[in-house]
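Q: coords15.cif is reproduced in full below (mmCIF, C-alpha atoms and all ligand atoms).
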data_work
loop_
_atom_site.label_atom_id
_atom_site.label_comp_id
_atom_site.auth_asym_id
_atom_site.auth_seq_id
_atom_site.Cartn_x
_atom_site.Cartn_y
_atom_site.Cartn_z
CA MET Y 281 -42.73 19.52 -230.96
CA ASN Y 282 -44.32 22.73 -229.75
CA LEU Y 283 -44.21 23.71 -226.09
CA HIS Y 284 -47.00 25.55 -224.35
CA GLU Y 285 -46.28 29.07 -223.15
CA TYR Y 286 -46.12 27.96 -219.51
CA GLN Y 287 -43.54 25.28 -220.38
CA ALA Y 288 -41.46 27.65 -222.52
CA ARG Y 289 -41.53 30.25 -219.73
CA ASP Y 290 -40.00 27.71 -217.34
CA LEU Y 291 -37.08 27.16 -219.73
CA LEU Y 292 -36.56 30.93 -220.06
CA ARG Y 293 -36.74 31.47 -216.32
CA THR Y 294 -34.24 28.68 -215.65
CA ALA Y 295 -31.84 30.47 -218.00
CA GLY Y 296 -32.24 33.68 -215.99
CA ILE Y 297 -34.55 35.60 -218.33
CA PRO Y 298 -36.92 37.86 -216.39
CA VAL Y 299 -40.36 36.27 -216.65
CA PRO Y 300 -43.27 37.24 -214.38
CA GLU Y 301 -44.26 34.54 -211.88
CA GLY Y 302 -47.58 32.78 -212.37
CA GLY Y 303 -49.56 29.57 -212.18
CA VAL Y 304 -51.37 27.11 -214.42
CA ALA Y 305 -55.06 26.34 -213.90
CA THR Y 306 -57.54 23.89 -215.39
CA SER Y 307 -60.66 25.22 -213.60
CA PRO Y 308 -62.16 28.62 -212.75
CA ASP Y 309 -61.67 27.78 -209.02
CA GLN Y 310 -57.95 27.38 -209.57
CA VAL Y 311 -57.80 30.58 -211.63
CA GLU Y 312 -59.43 32.49 -208.76
CA ALA Y 313 -57.06 30.95 -206.19
CA ILE Y 314 -53.96 31.86 -208.22
CA ALA Y 315 -55.26 35.41 -208.78
CA ARG Y 316 -55.82 35.77 -205.03
CA ARG Y 317 -52.32 34.52 -204.27
CA LEU Y 318 -50.75 36.89 -206.83
CA GLY Y 319 -52.87 39.88 -205.74
CA GLY Y 320 -53.70 42.89 -207.93
CA THR Y 321 -54.56 42.80 -211.63
CA VAL Y 322 -53.76 39.55 -213.43
CA VAL Y 323 -53.78 38.29 -217.02
CA VAL Y 324 -55.51 34.98 -217.79
CA LYS Y 325 -54.03 33.34 -220.90
CA ALA Y 326 -55.21 30.37 -222.97
CA GLN Y 327 -52.56 27.65 -223.31
CA VAL Y 328 -52.94 26.29 -226.85
CA HIS Y 329 -50.47 25.75 -229.67
CA ALA Y 330 -51.66 28.75 -231.67
CA GLY Y 331 -50.57 32.34 -232.09
CA GLY Y 332 -53.00 35.22 -232.04
CA ARG Y 333 -54.60 34.17 -228.78
CA GLY Y 334 -54.97 37.82 -227.76
CA LYS Y 335 -57.04 38.67 -230.82
CA ALA Y 336 -59.14 35.52 -230.42
CA GLY Y 337 -60.19 36.51 -226.89
CA GLY Y 338 -57.82 34.06 -225.23
CA VAL Y 339 -55.88 36.69 -223.23
CA LYS Y 340 -57.90 38.67 -220.68
CA LEU Y 341 -57.01 41.22 -218.01
CA ALA Y 342 -58.80 40.77 -214.65
CA ARG Y 343 -58.71 43.34 -211.85
CA ASP Y 344 -59.58 41.03 -208.96
CA PRO Y 345 -59.99 37.31 -208.18
CA GLY Y 346 -63.71 37.45 -209.07
CA GLU Y 347 -62.98 38.86 -212.51
CA ALA Y 348 -60.18 36.33 -212.93
CA ARG Y 349 -62.66 33.51 -212.27
CA LYS Y 350 -64.98 34.96 -214.94
CA ALA Y 351 -62.09 35.23 -217.40
CA GLY Y 352 -61.15 31.64 -216.59
CA THR Y 353 -64.73 30.47 -217.17
CA ALA Y 354 -64.79 32.27 -220.54
CA ILE Y 355 -61.43 31.02 -221.76
CA LEU Y 356 -61.38 27.40 -220.48
CA GLY Y 357 -63.21 25.28 -223.05
CA MET Y 358 -63.18 27.93 -225.77
CA GLN Y 359 -61.73 27.08 -229.18
CA ILE Y 360 -58.86 28.97 -230.76
CA LYS Y 361 -58.09 28.00 -234.36
CA GLY Y 362 -59.86 24.70 -233.76
CA LEU Y 363 -57.98 23.90 -230.56
CA VAL Y 364 -59.89 23.50 -227.28
CA VAL Y 365 -58.39 25.38 -224.34
CA GLU Y 366 -57.80 22.97 -221.46
CA LYS Y 367 -55.36 25.04 -219.41
CA VAL Y 368 -54.83 28.70 -218.68
CA LEU Y 369 -51.83 30.55 -217.34
CA VAL Y 370 -52.47 33.23 -214.72
CA VAL Y 371 -49.79 35.92 -214.35
CA PRO Y 372 -49.60 39.31 -212.68
CA ALA Y 373 -50.41 42.04 -215.25
CA ALA Y 374 -47.42 44.06 -216.34
CA ASP Y 375 -47.72 47.82 -216.79
CA ILE Y 376 -46.58 47.88 -220.42
CA ALA Y 377 -44.70 50.90 -221.84
CA SER Y 378 -43.51 49.28 -225.11
CA GLU Y 379 -43.75 45.93 -226.90
CA SER Y 380 -40.92 44.46 -228.98
CA TYR Y 381 -40.38 41.23 -230.84
CA LEU Y 382 -37.50 38.84 -230.29
CA GLY Y 383 -37.21 35.63 -232.26
CA LEU Y 384 -34.59 33.00 -232.98
CA ILE Y 385 -35.10 30.38 -235.70
CA MET Y 386 -33.02 27.70 -237.33
CA ASP Y 387 -32.66 29.10 -240.83
CA ARG Y 388 -32.16 26.60 -243.63
CA GLU Y 389 -30.88 29.13 -246.12
CA SER Y 390 -27.96 30.38 -244.01
CA GLN Y 391 -27.74 27.03 -242.19
CA ARG Y 392 -27.51 28.89 -238.89
CA PRO Y 393 -29.65 30.16 -236.09
CA VAL Y 394 -30.92 33.61 -237.07
CA PHE Y 395 -32.03 36.30 -234.65
CA MET Y 396 -34.92 38.51 -235.67
CA VAL Y 397 -35.72 41.58 -233.61
CA SER Y 398 -38.19 44.39 -234.07
CA ALA Y 399 -39.32 47.37 -232.05
CA ALA Y 400 -42.73 46.87 -233.71
CA GLY Y 401 -43.60 43.86 -231.52
CA GLY Y 402 -46.87 42.78 -229.97
CA VAL Y 403 -49.73 40.98 -231.64
CA ASP Y 404 -49.18 41.84 -235.32
CA ILE Y 405 -45.66 40.67 -236.07
CA GLU Y 406 -46.81 38.57 -239.07
CA GLU Y 407 -48.27 41.73 -240.59
CA VAL Y 408 -45.07 43.66 -239.87
CA ALA Y 409 -43.09 40.90 -241.60
CA ALA Y 410 -45.38 40.98 -244.64
CA LYS Y 411 -45.89 44.73 -245.06
CA THR Y 412 -42.86 46.44 -243.52
CA PRO Y 413 -40.09 43.83 -243.45
CA GLU Y 414 -37.53 46.63 -243.03
CA LYS Y 415 -38.75 46.96 -239.45
CA ILE Y 416 -37.29 43.53 -238.66
CA THR Y 417 -33.54 43.28 -238.14
CA ARG Y 418 -31.98 39.88 -238.86
CA LEU Y 419 -28.66 38.55 -237.64
CA PRO Y 420 -27.32 35.07 -238.49
CA VAL Y 421 -25.30 33.62 -235.62
CA ASP Y 422 -22.11 31.67 -236.17
CA PRO Y 423 -22.68 28.55 -234.05
CA ARG Y 424 -18.97 28.26 -233.33
CA TYR Y 425 -19.02 31.46 -231.29
CA GLY Y 426 -22.68 31.93 -230.35
CA LEU Y 427 -24.17 35.40 -230.01
CA LEU Y 428 -21.22 37.63 -229.10
CA ALA Y 429 -21.61 40.45 -226.58
CA HIS Y 430 -21.19 43.25 -229.12
CA GLN Y 431 -23.69 41.64 -231.49
CA ALA Y 432 -26.24 41.28 -228.69
CA LEU Y 433 -25.77 44.90 -227.66
CA GLY Y 434 -26.15 46.00 -231.29
CA LEU Y 435 -29.50 44.19 -231.44
CA GLY Y 436 -30.47 45.64 -228.04
CA LEU Y 437 -29.85 49.13 -229.42
CA VAL Y 438 -32.14 48.34 -232.37
CA LEU Y 439 -34.91 47.95 -229.81
CA TYR Y 440 -34.14 50.60 -227.20
CA GLN Y 441 -32.43 53.99 -227.09
CA ASP Y 442 -32.11 53.74 -223.33
CA PHE Y 443 -28.72 52.12 -222.73
CA GLN Y 444 -29.77 50.21 -219.59
CA GLN Y 445 -32.70 48.72 -221.46
CA ALA Y 446 -30.55 47.88 -224.49
CA ARG Y 447 -28.14 46.06 -222.17
CA ALA Y 448 -30.97 44.22 -220.46
CA ALA Y 449 -32.32 43.15 -223.86
CA ALA Y 450 -28.80 42.08 -224.96
CA ALA Y 451 -28.48 39.87 -221.88
CA ILE Y 452 -31.89 38.32 -222.62
CA MET Y 453 -30.82 37.59 -226.22
CA GLN Y 454 -27.68 35.80 -225.10
CA GLN Y 455 -29.72 33.81 -222.59
CA LEU Y 456 -32.32 33.02 -225.26
CA TYR Y 457 -29.56 31.76 -227.56
CA GLY Y 458 -28.39 29.50 -224.72
CA VAL Y 459 -31.93 28.10 -224.24
CA PHE Y 460 -32.21 27.55 -228.01
CA VAL Y 461 -28.99 25.57 -228.29
CA ALA Y 462 -29.21 23.68 -224.99
CA ASN Y 463 -32.71 22.38 -225.79
CA GLY Y 464 -32.31 21.68 -229.50
CA ALA Y 465 -34.96 24.22 -230.44
CA SER Y 466 -35.95 25.04 -234.00
CA LEU Y 467 -37.69 28.21 -232.82
CA ALA Y 468 -37.61 30.36 -229.68
CA GLU Y 469 -39.64 33.53 -229.61
CA ILE Y 470 -40.50 36.24 -227.09
CA ASN Y 471 -43.39 38.40 -228.29
CA PRO Y 472 -43.88 40.74 -226.65
CA LEU Y 473 -40.64 41.58 -224.94
CA VAL Y 474 -41.88 44.58 -222.98
CA THR Y 475 -40.55 47.54 -221.11
CA THR Y 476 -42.60 48.47 -218.06
CA ALA Y 477 -43.46 51.94 -216.82
CA ALA Y 478 -40.73 51.39 -214.19
CA GLY Y 479 -38.18 50.72 -216.96
CA GLN Y 480 -37.77 46.96 -216.54
CA VAL Y 481 -37.42 44.66 -219.56
CA LEU Y 482 -39.59 41.52 -219.28
CA ALA Y 483 -40.55 38.49 -221.40
CA LEU Y 484 -44.38 38.43 -221.42
CA ASP Y 485 -45.00 35.66 -223.94
CA ALA Y 486 -42.83 32.73 -224.97
CA LYS Y 487 -42.99 30.23 -227.79
CA ILE Y 488 -40.50 27.38 -228.20
CA SER Y 489 -40.51 24.50 -230.68
CA ILE Y 490 -38.16 21.60 -230.04
CA ASP Y 491 -36.70 19.65 -232.96
CA ASP Y 492 -38.30 16.18 -232.73
CA ASN Y 493 -34.89 14.59 -233.32
CA GLU Y 494 -33.77 15.99 -229.96
CA LEU Y 495 -36.38 14.08 -227.99
CA ASP Y 496 -34.74 10.65 -227.92
CA ARG Y 497 -31.81 11.98 -225.95
CA ARG Y 498 -33.87 14.42 -223.87
CA PRO Y 499 -36.62 12.49 -222.05
CA ASP Y 500 -37.16 15.55 -219.84
CA LEU Y 501 -38.25 17.52 -222.91
CA ALA Y 502 -40.14 14.59 -224.43
CA ALA Y 503 -42.20 14.47 -221.22
CA LEU Y 504 -43.51 17.97 -222.01
CA ARG Y 505 -45.40 16.70 -225.05
CA ASP Y 506 -49.12 17.45 -224.85
CA GLU Y 507 -50.80 14.90 -227.10
CA SER Y 508 -54.23 16.43 -226.57
CA ALA Y 509 -52.95 19.48 -228.44
CA GLU Y 510 -51.61 17.56 -231.44
CA GLU Y 511 -53.10 16.21 -234.65
CA PRO Y 512 -54.61 12.85 -233.50
CA SER Y 513 -53.56 11.02 -236.67
CA GLU Y 514 -49.95 12.10 -236.16
CA VAL Y 515 -50.03 10.90 -232.54
CA ALA Y 516 -51.41 7.51 -233.66
CA ALA Y 517 -48.76 7.24 -236.39
CA ARG Y 518 -45.93 8.05 -234.00
CA LYS Y 519 -47.15 5.30 -231.66
CA ALA Y 520 -47.28 2.84 -234.57
CA GLY Y 521 -43.71 3.74 -235.55
CA LEU Y 522 -44.71 5.40 -238.83
CA SER Y 523 -43.36 8.68 -240.22
CA PHE Y 524 -46.56 10.49 -241.01
CA ILE Y 525 -47.49 14.09 -241.73
CA LYS Y 526 -51.11 14.99 -242.32
CA LEU Y 527 -51.78 17.24 -245.32
CA ASP Y 528 -54.97 18.74 -246.73
CA GLY Y 529 -55.48 16.77 -249.94
CA ASP Y 530 -57.65 13.74 -250.77
CA VAL Y 531 -55.20 11.11 -252.05
CA GLY Y 532 -54.00 8.92 -249.16
CA CYS Y 533 -50.43 7.70 -249.72
CA VAL Y 534 -48.80 4.58 -248.27
CA VAL Y 535 -45.19 4.37 -249.37
CA ASN Y 536 -42.03 2.62 -248.26
CA GLY Y 537 -39.07 4.95 -247.94
CA ALA Y 538 -39.03 8.70 -247.38
CA GLY Y 539 -37.54 9.50 -250.79
CA LEU Y 540 -40.14 7.46 -252.64
CA ALA Y 541 -42.85 9.02 -250.46
CA MET Y 542 -41.70 12.50 -251.51
CA ALA Y 543 -41.53 11.45 -255.17
CA THR Y 544 -45.01 9.95 -254.89
CA MET Y 545 -46.43 13.20 -253.51
CA ASP Y 546 -44.73 15.11 -256.33
CA LEU Y 547 -46.25 12.79 -258.91
CA VAL Y 548 -49.73 13.05 -257.37
CA LYS Y 549 -49.42 16.83 -257.71
CA PHE Y 550 -47.99 16.49 -261.22
CA TYR Y 551 -51.09 14.60 -262.36
CA GLY Y 552 -53.40 17.18 -260.81
CA GLY Y 553 -54.15 15.56 -257.45
CA GLN Y 554 -53.54 16.61 -253.85
CA PRO Y 555 -51.81 14.25 -251.40
CA ALA Y 556 -53.64 13.78 -248.07
CA ASN Y 557 -50.47 12.84 -246.24
CA PHE Y 558 -46.83 11.98 -246.27
CA LEU Y 559 -46.35 8.44 -245.03
CA ASP Y 560 -43.26 6.30 -244.92
CA ILE Y 561 -43.96 2.79 -243.61
CA GLY Y 562 -40.23 2.23 -243.40
CA GLY Y 563 -37.97 -0.40 -244.84
CA SER Y 564 -39.22 -3.24 -242.65
CA SER Y 565 -41.42 -6.08 -243.93
CA ASN Y 566 -44.05 -5.75 -241.24
CA PRO Y 567 -47.71 -6.30 -242.24
CA GLU Y 568 -48.80 -4.71 -238.94
CA LYS Y 569 -47.46 -1.37 -240.14
CA VAL Y 570 -49.64 -1.55 -243.22
CA VAL Y 571 -52.66 -2.23 -241.03
CA SER Y 572 -51.85 0.79 -238.83
CA ALA Y 573 -51.24 2.95 -241.89
CA LEU Y 574 -54.61 2.06 -243.42
CA ARG Y 575 -56.38 2.70 -240.11
CA ILE Y 576 -54.87 6.16 -239.84
CA ILE Y 577 -55.49 7.12 -243.46
CA THR Y 578 -59.09 5.88 -243.59
CA ALA Y 579 -59.85 7.87 -240.42
CA ASP Y 580 -59.21 11.09 -242.42
CA ARG Y 581 -62.57 12.08 -243.89
CA ASN Y 582 -60.92 14.10 -246.67
CA VAL Y 583 -59.38 10.99 -248.19
CA LYS Y 584 -61.18 9.88 -251.36
CA ALA Y 585 -58.76 7.25 -252.68
CA ILE Y 586 -55.67 5.44 -251.43
CA LEU Y 587 -52.43 4.78 -253.26
CA PHE Y 588 -49.90 2.16 -252.23
CA ASN Y 589 -46.52 2.70 -253.78
CA ILE Y 590 -44.10 -0.01 -252.77
CA PHE Y 591 -40.64 -0.57 -254.11
CA GLY Y 592 -39.47 -3.93 -252.84
CA GLY Y 593 -35.84 -3.96 -251.89
CA ILE Y 594 -35.44 -5.06 -248.27
CA THR Y 595 -39.20 -4.63 -248.02
CA ARG Y 596 -40.80 -7.77 -249.42
CA THR Y 597 -43.77 -6.84 -251.55
CA ASP Y 598 -45.54 -10.12 -250.62
CA ASP Y 599 -45.48 -8.98 -246.96
CA VAL Y 600 -47.02 -5.67 -247.96
CA ALA Y 601 -49.65 -7.52 -250.01
CA ASN Y 602 -50.43 -9.66 -246.96
CA GLY Y 603 -50.70 -6.48 -244.89
CA ILE Y 604 -53.21 -5.00 -247.31
CA VAL Y 605 -55.27 -8.20 -247.27
CA THR Y 606 -55.10 -8.41 -243.44
CA ALA Y 607 -56.08 -4.77 -243.04
CA THR Y 608 -59.02 -4.97 -245.43
CA ARG Y 609 -60.21 -8.07 -243.54
CA GLN Y 610 -59.93 -6.38 -240.15
CA PHE Y 611 -62.11 -3.47 -241.18
CA LYS Y 612 -64.02 -2.53 -244.26
CA VAL Y 613 -62.17 0.01 -246.41
CA ASP Y 614 -64.87 1.85 -248.35
CA LEU Y 615 -62.40 3.79 -250.46
CA PRO Y 616 -60.91 2.81 -253.81
CA ILE Y 617 -57.36 1.52 -253.44
CA VAL Y 618 -54.72 1.59 -256.17
CA ILE Y 619 -51.69 -0.58 -255.55
CA ARG Y 620 -48.38 -0.25 -257.26
CA LEU Y 621 -45.83 -2.92 -256.37
CA THR Y 622 -42.52 -3.71 -257.88
CA GLY Y 623 -39.38 -5.51 -256.76
CA THR Y 624 -38.69 -8.31 -254.30
CA ASN Y 625 -41.25 -11.16 -254.53
CA GLU Y 626 -43.58 -9.17 -256.77
CA ALA Y 627 -44.97 -12.23 -258.56
CA GLU Y 628 -45.99 -13.68 -255.21
CA ALA Y 629 -47.48 -10.32 -254.17
CA PHE Y 630 -49.57 -10.08 -257.34
CA ARG Y 631 -50.88 -13.63 -256.69
CA ILE Y 632 -51.83 -12.81 -253.06
CA LEU Y 633 -53.78 -9.77 -254.16
CA GLU Y 634 -55.45 -11.47 -257.14
CA ALA Y 635 -56.63 -14.26 -254.83
CA VAL Y 636 -58.81 -11.71 -252.98
CA GLY Y 637 -59.91 -9.89 -256.13
CA MET Y 638 -57.45 -6.98 -255.94
CA ARG Y 639 -55.27 -5.96 -258.84
CA ALA Y 640 -51.85 -4.39 -258.61
CA LEU Y 641 -49.91 -2.33 -261.13
CA SER Y 642 -46.18 -2.21 -261.58
CA ASP Y 643 -46.01 1.18 -263.32
CA MET Y 644 -45.83 4.19 -261.00
CA ASP Y 645 -47.17 6.82 -263.43
CA GLU Y 646 -50.10 4.61 -264.34
CA ALA Y 647 -50.97 4.01 -260.68
CA VAL Y 648 -50.80 7.70 -259.78
CA LYS Y 649 -52.95 8.70 -262.78
CA GLN Y 650 -55.55 6.13 -261.73
CA VAL Y 651 -55.69 7.18 -258.09
CA VAL Y 652 -55.95 10.88 -258.98
CA ALA Y 653 -58.83 10.11 -261.36
CA LEU Y 654 -60.57 8.02 -258.69
CA ALA Y 655 -60.19 10.75 -256.05
CA ARG Y 656 -61.49 13.35 -258.48
CA GLY Y 657 -64.42 11.16 -259.49
CA ALA Y 658 -65.37 10.62 -255.85
CA ALA Y 659 -65.05 14.35 -255.11
CA ALA Y 660 -67.24 15.21 -258.13
CA LYS Y 661 -69.86 12.69 -257.00
CA GLY Y 662 -69.73 14.08 -253.46
CA GLY Y 663 -70.15 17.60 -254.82
CA ALA Y 664 -73.18 16.67 -256.95
CA ALA Y 665 -74.98 14.81 -254.16
P1 LIG T 1 -50.63 36.06 -228.33
O1 LIG T 1 -51.69 36.96 -228.85
O2 LIG T 1 -51.03 34.61 -228.48
O3 LIG T 1 -49.29 36.31 -228.90
O4 LIG T 1 -50.54 36.31 -226.73
P2 LIG T 1 -49.62 37.32 -225.89
O5 LIG T 1 -49.24 36.65 -224.64
O6 LIG T 1 -48.50 37.84 -226.68
O7 LIG T 1 -50.60 38.50 -225.50
C1 LIG T 1 -51.19 39.32 -226.49
C2 LIG T 1 -51.19 40.75 -226.02
O8 LIG T 1 -51.90 40.88 -224.78
C3 LIG T 1 -49.83 41.35 -225.76
O9 LIG T 1 -49.17 41.76 -226.93
C4 LIG T 1 -50.17 42.48 -224.83
O10 LIG T 1 -50.59 43.63 -225.58
C5 LIG T 1 -51.36 41.95 -224.05
N1 LIG T 1 -50.86 41.51 -222.75
C6 LIG T 1 -50.31 40.30 -222.43
N2 LIG T 1 -49.88 40.30 -221.15
C7 LIG T 1 -50.15 41.53 -220.65
C8 LIG T 1 -49.94 42.19 -219.38
O11 LIG T 1 -49.38 41.62 -218.44
N3 LIG T 1 -50.36 43.48 -219.27
C9 LIG T 1 -50.98 44.14 -220.27
N4 LIG T 1 -51.37 45.39 -220.08
N5 LIG T 1 -51.19 43.58 -221.47
C10 LIG T 1 -50.79 42.29 -221.66
MN MN T 2 -47.48 36.82 -228.26
#
Rewrite the structure from the file as structure tokens, please.
Ligand code: GDP
Ligand code: MN

A:
Amino acid sequence: MNLHEYQARDLLRTAGIPVPEGGVATSPDQVEAIARRLGGTVVVKAQVHAGGRGKAGGVKLARDPGEARKAGTAILGMQIKGLVVEKVLVVPAADIASESYLGLIMDRESQRPVFMVSAAGGVDIEEVAAKTPEKITRLPVDPRYGLLAHQALGLGLVLYQDFQQARAAAAIMQQLYGVFVANGASLAEINPLVTTAAGQVLALDAKISIDDNELDRRPDLAALRDESAEEPSEVAARKAGLSFIKLDGDVGCVVNGAGLAMATMDLVKFYGGQPANFLDIGGSSNPEKVVSALRIITADRNVKAILFNIFGGITRTDDVANGIVTATRQFKVDLPIVIRLTGTNEAEAFRILEAVGMRALSDMDEAVKQVVALARGAAAKGGAA
């Protein structure tokens, strides 16, 4: 789960990291009021789950409350990478002398949190990573000890020659590590970490992603979720108790079990198709889940054909068959559906489907080949029309 900048800033501030004060606004009136309260030049910043807001026009300097209102009017309602801006953050403008990058991610390869720091921070860190990776210093952290003082100072000296500033940055890194661990983050990033003309070191932008598995035991973090900023189909799936990830392909997949769902996606790719989603309806025998799954998948306009791949162990395939029949009765599914069922009660399942004129297969390869061909046929027809 991604946090907005204003939420991430609160976590940093609570940990003692120097973050400029500020306020969140949803209307130009509020932007003006906050700018007046702060006094002087302010920065108005779009709060969306996307990087590159600066380049997209979502970060604007304003010299007085009137200009702040104008900036607020321009930014509120604008779209950045397809996301509508509903909130802005208003902060006093910092007098920036240098911009650095500070990031901490959970790294699968080293199976540890890894710090990444670079003196070439600011808006183009992705480009720095791609073109001049030597400008980024990486340090895996042993979770048994955390980020030790000498390691933090070493990283601080990568960023700043000035010893006071290096020490300030080192303190921020240790605090950032604390925020990362205490909140079960998978990513915590400060870009830019700036020095001001007066020599201070400040965090001007913050991005934190919380591991979804943390949320059950941290209702305070779960409450920060902004559903308006998330993929609607994933929100609907979460509410229906389904594990669902939207992808860009055109073959909708309804599968029981995460492992089989992964294998199904692999096979769709193997036969030349593109999966539209990962979906695990779970091990339960609940027809309602099938109904929810079909609703979510048919709402995706990219989907050209749907594949059910059900291995009946604890899941009873006759229940799934009933779910498919119930769902297709509740609303018209205009898309071709290929059903592969095998295992518990499969004879009964085949009978249930045949009774309504649907046919099921028991061979997985055969089913995947068919659904890929159907999706391709529909795409070709769509292209010709
Ligand atoms: P991002 O583009 O989404 O990463 O948004 P940032 O919050 O990082 O802002 C982008 C850029 O705007 C920064 O790298 C700065 O160059 C600039 N910026 C942000 N805040 C301030 C500020 O307080 N003062 C000045 N002068 N520039 C700022
Ligand atoms: Mn940034």

Q: Any idea what's packed within 12 Å of Y:Ala516, counting all atoms listed in the file, ignoring anything in its chain fewer than 5 positions away? Could you give it as a VMD selection string?

A: chain Y and resid 507 to 508 510 to 511 521 to 526 569 572 to 577 579

Q: Residues as selected, C-alpha atoms, written as an mmCIF file, in the frame of the given file, can you do that?

A:
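The new file part-v6.cif reads:
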data_model
loop_
_atom_site.group_PDB
_atom_site.id
_atom_site.type_symbol
_atom_site.label_atom_id
_atom_site.label_comp_id
_atom_site.auth_asym_id
_atom_site.auth_seq_id
_atom_site.Cartn_x
_atom_site.Cartn_y
_atom_site.Cartn_z
ATOM 1 C CA GLU Y 507 -50.800 14.900 -227.100
ATOM 2 C CA SER Y 508 -54.230 16.430 -226.570
ATOM 3 C CA GLU Y 510 -51.610 17.560 -231.440
ATOM 4 C CA GLU Y 511 -53.100 16.210 -234.650
ATOM 5 C CA GLY Y 521 -43.710 3.740 -235.550
ATOM 6 C CA LEU Y 522 -44.710 5.400 -238.830
ATOM 7 C CA SER Y 523 -43.360 8.680 -240.220
ATOM 8 C CA PHE Y 524 -46.560 10.490 -241.010
ATOM 9 C CA ILE Y 525 -47.490 14.090 -241.730
ATOM 10 C CA LYS Y 526 -51.110 14.990 -242.320
ATOM 11 C CA LYS Y 569 -47.460 -1.370 -240.140
ATOM 12 C CA SER Y 572 -51.850 0.790 -238.830
ATOM 13 C CA ALA Y 573 -51.240 2.950 -241.890
ATOM 14 C CA LEU Y 574 -54.610 2.060 -243.420
ATOM 15 C CA ARG Y 575 -56.380 2.700 -240.110
ATOM 16 C CA ILE Y 576 -54.870 6.160 -239.840
ATOM 17 C CA ILE Y 577 -55.490 7.120 -243.460
ATOM 18 C CA ALA Y 579 -59.850 7.870 -240.420
#

Q: Report as a PyMOL selection string all protein, DNA and RNA residues lying within 6 Å of Y:Thr597, evaluated on all atoms listed in the file, omitting residues in the same chain fewer than 4 positions from it.

A: chain Y and resi 592+624-626+629

Q: Considering all atoms listed in the file, give me a table of residues in chain Y that are at most 7 Å from ligand LIG 1 (chain T), with the closest atom pair and distance in Å for each, as a Markdown table.

A:
| residue | atom | partner | partner_atom | distance |
| --- | --- | --- | --- | --- |
| Y:Val322 | CA | T:LIG1 | O11 | 7.0 |
| Y:Val323 | CA | T:LIG1 | O11 | 5.7 |
| Y:Lys325 | CA | T:LIG1 | O5 | 6.9 |
| Y:Ala330 | CA | T:LIG1 | O2 | 6.7 |
| Y:Gly331 | CA | T:LIG1 | O2 | 4.3 |
| Y:Gly332 | CA | T:LIG1 | O1 | 3.9 |
| Y:Arg333 | CA | T:LIG1 | O2 | 3.6 |
| Y:Gly334 | CA | T:LIG1 | O1 | 3.6 |
| Y:Lys335 | CA | T:LIG1 | O1 | 6.0 |
| Y:Val339 | CA | T:LIG1 | O8 | 6.0 |
| Y:Pro372 | CA | T:LIG1 | O11 | 6.2 |
| Y:Ala373 | CA | T:LIG1 | O11 | 3.4 |
| Y:Ala374 | CA | T:LIG1 | O11 | 3.8 |
| Y:Asp375 | CA | T:LIG1 | N4 | 5.5 |
| Y:Ile376 | CA | T:LIG1 | N4 | 5.4 |
| Y:Glu379 | CA | T:LIG1 | O9 | 6.8 |
| Y:Gly402 | CA | T:LIG1 | O9 | 3.9 |
| Y:Val403 | CA | T:LIG1 | O9 | 4.8 |
| Y:Asn471 | CA | T:LIG1 | O6 | 5.4 |
| Y:Pro472 | CA | T:LIG1 | O9 | 5.4 |
| Y:Leu484 | CA | T:LIG1 | N2 | 5.8 |
| Y:Asp485 | CA | T:LIG1 | O5 | 4.4 |

Q: What is the distance between atom CA of Y:Ala627 and atom CA of Y:Leu654, in Å to one decimal?

A: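 Here the two named atoms are 25.6 Å from each other.
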
Q: Could you give me, as a list in words, the residues within 12 Å of Y:Ile490, counting all atoms listed in the file and dropping anything in the same chain fewer than 6 positions from it?

A: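 My list of contacting residues is Met281, Asn282, Leu283, His284, Gln287, Ala288, Leu291, Ile385, Met386, Val459, Phe460, Val461, Ala462, Asn463, Gly464, Ala465, Ser466, Leu467, Ala468, Asp496, Arg498, Asp500, Leu501, Ala502, Leu504 and Arg505 of chain Y.
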